[in-house]
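A.B. asks: This is the structure I want to talk about, given as structure tokens.
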Amino acid sequence: MSAALLDISGLVKDYQALRPLRIKSLTIVPGDLLVVTGLDAVAAETFVHLMTGATLPDSGDISLFGQNTKDISDGDAWLKSLDGVGMVTSRGVVVAMFSVLQNIALSFTLEVDPIDPAVLPQAIALAREVGVAESAFDVPAGRMPTDTHMRIHLARALALGPRLLVAEHPSASLPRETVSAFGADLARLARSRGLALITLTADDELAKAIGGQRLELVPATGELKAPGLLKKLFG
């Protein structure tokens, strides 16, 4: 059996909401495609901070790549613990005046005006892999739609070769007509690269496009349950 990439047990975290964030048990192993519903934007951000060790639980344990986040001793060790995580979130920064390709190249270098020739092929390959049209490569990101912005975030998440891809409400700002394609591309890229993918969303269309396993958080107990039959049929 593959070693867990992420293992959560007995998690409780007060984050000034109506009730604390609770997760009774969650384990992610290589190859998992998991969609989790039931966390709003603030709860999802809190979850991400907890799983990456940016904040610690009030009780319970979180292990990322086999290391308990409570045992991370300093800033360097914390940054090293994040080497295997790729984050797909609109909370990331897109530099409006830089081109789409320059924004992707920032994953590798600060020399983007012009882009360092040593990393240009990597940036181009990533842009193509995540579905950015070549006609958009040299367009300032500020002139591009939010679908392209999310694909920039996806490219950056993949740039350093993560083992675990985390998508935090990735469709919240997307035009509805682009949601299914983005979800399908998330799943395609996770499968082609052999990654585990966990997506936090309230978007049924996105969840269907990703496929894989779907679990719904019960906030009062922290249990993660498969959605009911009616939800599966009509949700």
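So you can find residues: chains in the structure tokens are A, B, ... in the order shown, residues in each start at 1, and ligands are numbered from 1 in order.
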Write out as a ChimeraX atom specification all residues of range 18-187 of chain A that backbone DSSP assigns to strand (DSSP E).

C.D. replies: /A:21-28,33-37,59-64,67-68,85-89,164-168

A.B. asks: Fewer than 4 positions away in the same chain doesn't count, so skip those; otherwise give me all residues within 8 Å of range 218-230 of chain A, counting only C-alpha atoms, as a ChimeraX atom specification.

C.D. replies: /A:19,21-26,38,214,234-235

A.B. asks: Could you give me, as a list of chain:residue names, the residues within 9 Å of range 118-125 of chain A, counting only C-alpha atoms and dropping anything in the same chain fewer than 3 positions from it?

C.D. replies: A:Leu101, A:Gln102, A:Ile104, A:Ala105, A:Leu106, A:Ser107, A:Phe108, A:Thr109, A:Ile115, A:Arg128, A:Glu129, A:Val130, A:Glu134, A:Phe137, A:Ala155, A:Ala159

A.B. asks: Can those selected residues be exported to a file as a PDB file, in the first residue's frame so that it contains N, CA, C and O atoms?

C.D. replies:
ATOM      1  N   LEU A 101       2.953  34.323 -20.477  1.00  0.00           N
ATOM      2  CA  LEU A 101       4.148  33.487 -20.413  1.00  0.00           C
ATOM      3  C   LEU A 101       5.134  33.993 -19.364  1.00  0.00           C
ATOM      4  O   LEU A 101       5.772  33.190 -18.664  1.00  0.00           O
ATOM      5  N   GLN A 102       5.255  35.298 -19.215  1.00  0.00           N
ATOM      6  CA  GLN A 102       6.123  35.842 -18.160  1.00  0.00           C
ATOM      7  C   GLN A 102       5.613  35.434 -16.783  1.00  0.00           C
ATOM      8  O   GLN A 102       6.404  35.103 -15.890  1.00  0.00           O
ATOM      9  N   ILE A 104       4.000  32.738 -16.011  1.00  0.00           N
ATOM     10  CA  ILE A 104       4.325  31.331 -15.803  1.00  0.00           C
ATOM     11  C   ILE A 104       5.823  31.163 -15.552  1.00  0.00           C
ATOM     12  O   ILE A 104       6.241  30.380 -14.689  1.00  0.00           O
ATOM     13  N   ALA A 105       6.650  31.921 -16.258  1.00  0.00           N
ATOM     14  CA  ALA A 105       8.096  31.833 -16.095  1.00  0.00           C
ATOM     15  C   ALA A 105       8.549  32.242 -14.697  1.00  0.00           C
ATOM     16  O   ALA A 105       9.626  31.818 -14.240  1.00  0.00           O
ATOM     17  N   LEU A 106       7.740  33.059 -13.994  1.00  0.00           N
ATOM     18  CA  LEU A 106       8.087  33.455 -12.627  1.00  0.00           C
ATOM     19  C   LEU A 106       8.199  32.258 -11.690  1.00  0.00           C
ATOM     20  O   LEU A 106       8.766  32.380 -10.604  1.00  0.00           O
ATOM     21  N   SER A 107       7.662  31.127 -12.102  1.00  0.00           N
ATOM     22  CA  SER A 107       7.814  29.907 -11.310  1.00  0.00           C
ATOM     23  C   SER A 107       9.271  29.465 -11.236  1.00  0.00           C
ATOM     24  O   SER A 107       9.666  28.757 -10.303  1.00  0.00           O
ATOM     25  N   PHE A 108      10.067  29.870 -12.232  1.00  0.00           N
ATOM     26  CA  PHE A 108      11.451  29.394 -12.343  1.00  0.00           C
ATOM     27  C   PHE A 108      12.493  30.478 -12.132  1.00  0.00           C
ATOM     28  O   PHE A 108      13.628  30.185 -11.740  1.00  0.00           O
ATOM     29  N   THR A 109      12.143  31.732 -12.417  1.00  0.00           N
ATOM     30  CA  THR A 109      13.145  32.805 -12.401  1.00  0.00           C
ATOM     31  C   THR A 109      12.474  34.159 -12.222  1.00  0.00           C
ATOM     32  O   THR A 109      11.296  34.326 -12.558  1.00  0.00           O
ATOM     33  N   ILE A 115      12.268  36.990 -20.789  1.00  0.00           N
ATOM     34  CA  ILE A 115      12.345  35.717 -20.074  1.00  0.00           C
ATOM     35  C   ILE A 115      13.722  35.087 -20.284  1.00  0.00           C
ATOM     36  O   ILE A 115      14.231  35.036 -21.408  1.00  0.00           O
ATOM     37  N   ARG A 128       1.448  25.250 -22.650  1.00  0.00           N
ATOM     38  CA  ARG A 128       0.732  24.349 -23.546  1.00  0.00           C
ATOM     39  C   ARG A 128       0.047  23.225 -22.764  1.00  0.00           C
ATOM     40  O   ARG A 128      -1.091  22.845 -23.054  1.00  0.00           O
ATOM     41  N   GLU A 129       0.753  22.681 -21.778  1.00  0.00           N
ATOM     42  CA  GLU A 129       0.231  21.545 -21.023  1.00  0.00           C
ATOM     43  C   GLU A 129      -1.059  21.898 -20.286  1.00  0.00           C
ATOM     44  O   GLU A 129      -1.978  21.073 -20.195  1.00  0.00           O
ATOM     45  N   VAL A 130      -1.150  23.118 -19.760  1.00  0.00           N
ATOM     46  CA  VAL A 130      -2.344  23.499 -18.998  1.00  0.00           C
ATOM     47  C   VAL A 130      -3.443  24.088 -19.875  1.00  0.00           C
ATOM     48  O   VAL A 130      -4.488  24.492 -19.378  1.00  0.00           O
ATOM     49  N   GLU A 134      -1.665  29.488 -27.641  1.00  0.00           N
ATOM     50  CA  GLU A 134      -0.405  30.158 -27.975  1.00  0.00           C
ATOM     51  C   GLU A 134      -0.611  31.624 -28.326  1.00  0.00           C
ATOM     52  O   GLU A 134       0.281  32.452 -28.117  1.00  0.00           O
ATOM     53  N   PHE A 137       0.107  33.810 -25.293  1.00  0.00           N
ATOM     54  CA  PHE A 137       1.397  33.773 -24.604  1.00  0.00           C
ATOM     55  C   PHE A 137       1.953  35.170 -24.327  1.00  0.00           C
ATOM     56  O   PHE A 137       2.464  35.442 -23.235  1.00  0.00           O
ATOM     57  N   ALA A 155      -0.448  26.210 -13.926  1.00  0.00           N
ATOM     58  CA  ALA A 155       0.918  26.020 -14.432  1.00  0.00           C
ATOM     59  C   ALA A 155       1.941  26.208 -13.315  1.00  0.00           C
ATOM     60  O   ALA A 155       2.890  25.419 -13.177  1.00  0.00           O
ATOM     61  N   ALA A 159       4.756  23.566 -11.731  1.00  0.00           N
ATOM     62  CA  ALA A 159       6.093  23.919 -12.212  1.00  0.00           C
ATOM     63  C   ALA A 159       7.216  23.155 -11.522  1.00  0.00           C
ATOM     64  O   ALA A 159       8.183  22.749 -12.167  1.00  0.00           O
TER      65      ALA A 159
END

A.B. asks: Name the closest residue to Gly211 in chain A among the candidates A:Ser63, A:Ser180, A:Thr148, A:Thr52; distances are taken between atoms, counting only C-alpha atoms.

C.D. replies: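 Closest residue, counting only C-alpha atoms: A:Ser180.
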
A.B. asks: Which parts of range 54-87 of chain A does DSSP call alpha helix (DSSP H) when run on the backbone here, written out as a list in words?

C.D. replies: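 Those residues are Gly75, Asp76, Ala77, Trp78, Leu79, Lys80 and Ser81 of chain A.
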
A.B. asks: Of the candidates A:Thr146, A:Ser81, A:Ser173, A:Thr37, which one gets nearest to Gly53 in chain A if we count only C-alpha atoms?

C.D. replies: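 Nearest candidate to Gly53 in chain A out of A:Thr146, A:Ser81, A:Ser173, A:Thr37: A:Ser81.
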
A.B. asks: Any idea what the distance is between CA of Arg188 in chain A and CA of Thr46 in chain A?

C.D. replies: 26.9 Å

A.B. asks: What does the distance from CA of His49 in chain A to CA of Asp74 in chain A come to in Å, to one decimal?

C.D. replies: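 Distance between the two atoms: 16.1 Å.
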
A.B. asks: So which residues touch Val29 in chain A within 10 Å, counting only C-alpha atoms, skipping near sequence neighbours fewer than 5 positions away, as an mmCIF file with N, CA and C atoms, in the first residue's frame?

C.D. replies:
data_model
loop_
_atom_site.group_PDB
_atom_site.id
_atom_site.type_symbol
_atom_site.label_atom_id
_atom_site.label_comp_id
_atom_site.auth_asym_id
_atom_site.auth_seq_id
_atom_site.Cartn_x
_atom_site.Cartn_y
_atom_site.Cartn_z
ATOM 1 N N MET A 1 0.846 -1.199 0.000
ATOM 2 C CA MET A 1 0.000 0.000 0.000
ATOM 3 C C MET A 1 0.886 1.256 0.000
ATOM 4 N N SER A 2 0.519 2.256 -0.813
ATOM 5 C CA SER A 2 1.311 3.481 -0.912
ATOM 6 C C SER A 2 1.271 4.270 0.389
ATOM 7 N N ALA A 3 2.388 4.913 0.704
ATOM 8 C CA ALA A 3 2.435 5.758 1.891
ATOM 9 C C ALA A 3 1.548 6.977 1.681
ATOM 10 N N ALA A 4 0.921 7.429 2.747
ATOM 11 C CA ALA A 4 0.014 8.577 2.661
ATOM 12 C C ALA A 4 0.788 9.857 2.366
ATOM 13 N N LEU A 5 0.267 10.650 1.453
ATOM 14 C CA LEU A 5 0.805 11.981 1.205
ATOM 15 C C LEU A 5 0.278 12.966 2.245
ATOM 16 N N LEU A 6 -0.988 12.791 2.605
ATOM 17 C CA LEU A 6 -1.639 13.639 3.608
ATOM 18 C C LEU A 6 -2.473 12.740 4.497
ATOM 19 N N ASP A 7 -2.320 12.918 5.802
ATOM 20 C CA ASP A 7 -3.100 12.123 6.754
ATOM 21 C C ASP A 7 -3.578 13.039 7.874
ATOM 22 N N PHE A 65 3.316 14.321 3.868
ATOM 23 C CA PHE A 65 4.464 13.535 3.406
ATOM 24 C C PHE A 65 5.179 12.845 4.567
ATOM 25 N N ARG A 163 3.864 16.368 -5.736
ATOM 26 C CA ARG A 163 3.239 15.048 -5.621
ATOM 27 C C ARG A 163 1.756 15.160 -5.285
ATOM 28 N N LEU A 164 1.386 16.291 -4.664
ATOM 29 C CA LEU A 164 0.007 16.515 -4.238
ATOM 30 C C LEU A 164 -0.460 17.856 -4.775
ATOM 31 N N LEU A 195 -0.167 12.349 -10.048
ATOM 32 C CA LEU A 195 -0.326 13.117 -8.815
ATOM 33 C C LEU A 195 -1.610 12.727 -8.094
ATOM 34 N N ALA A 196 -1.644 13.004 -6.806
ATOM 35 C CA ALA A 196 -2.906 13.016 -6.076
ATOM 36 C C ALA A 196 -3.505 14.421 -6.214
ATOM 37 N N LEU A 197 -4.824 14.473 -6.326
ATOM 38 C CA LEU A 197 -5.528 15.750 -6.447
ATOM 39 C C LEU A 197 -6.632 15.814 -5.416
#
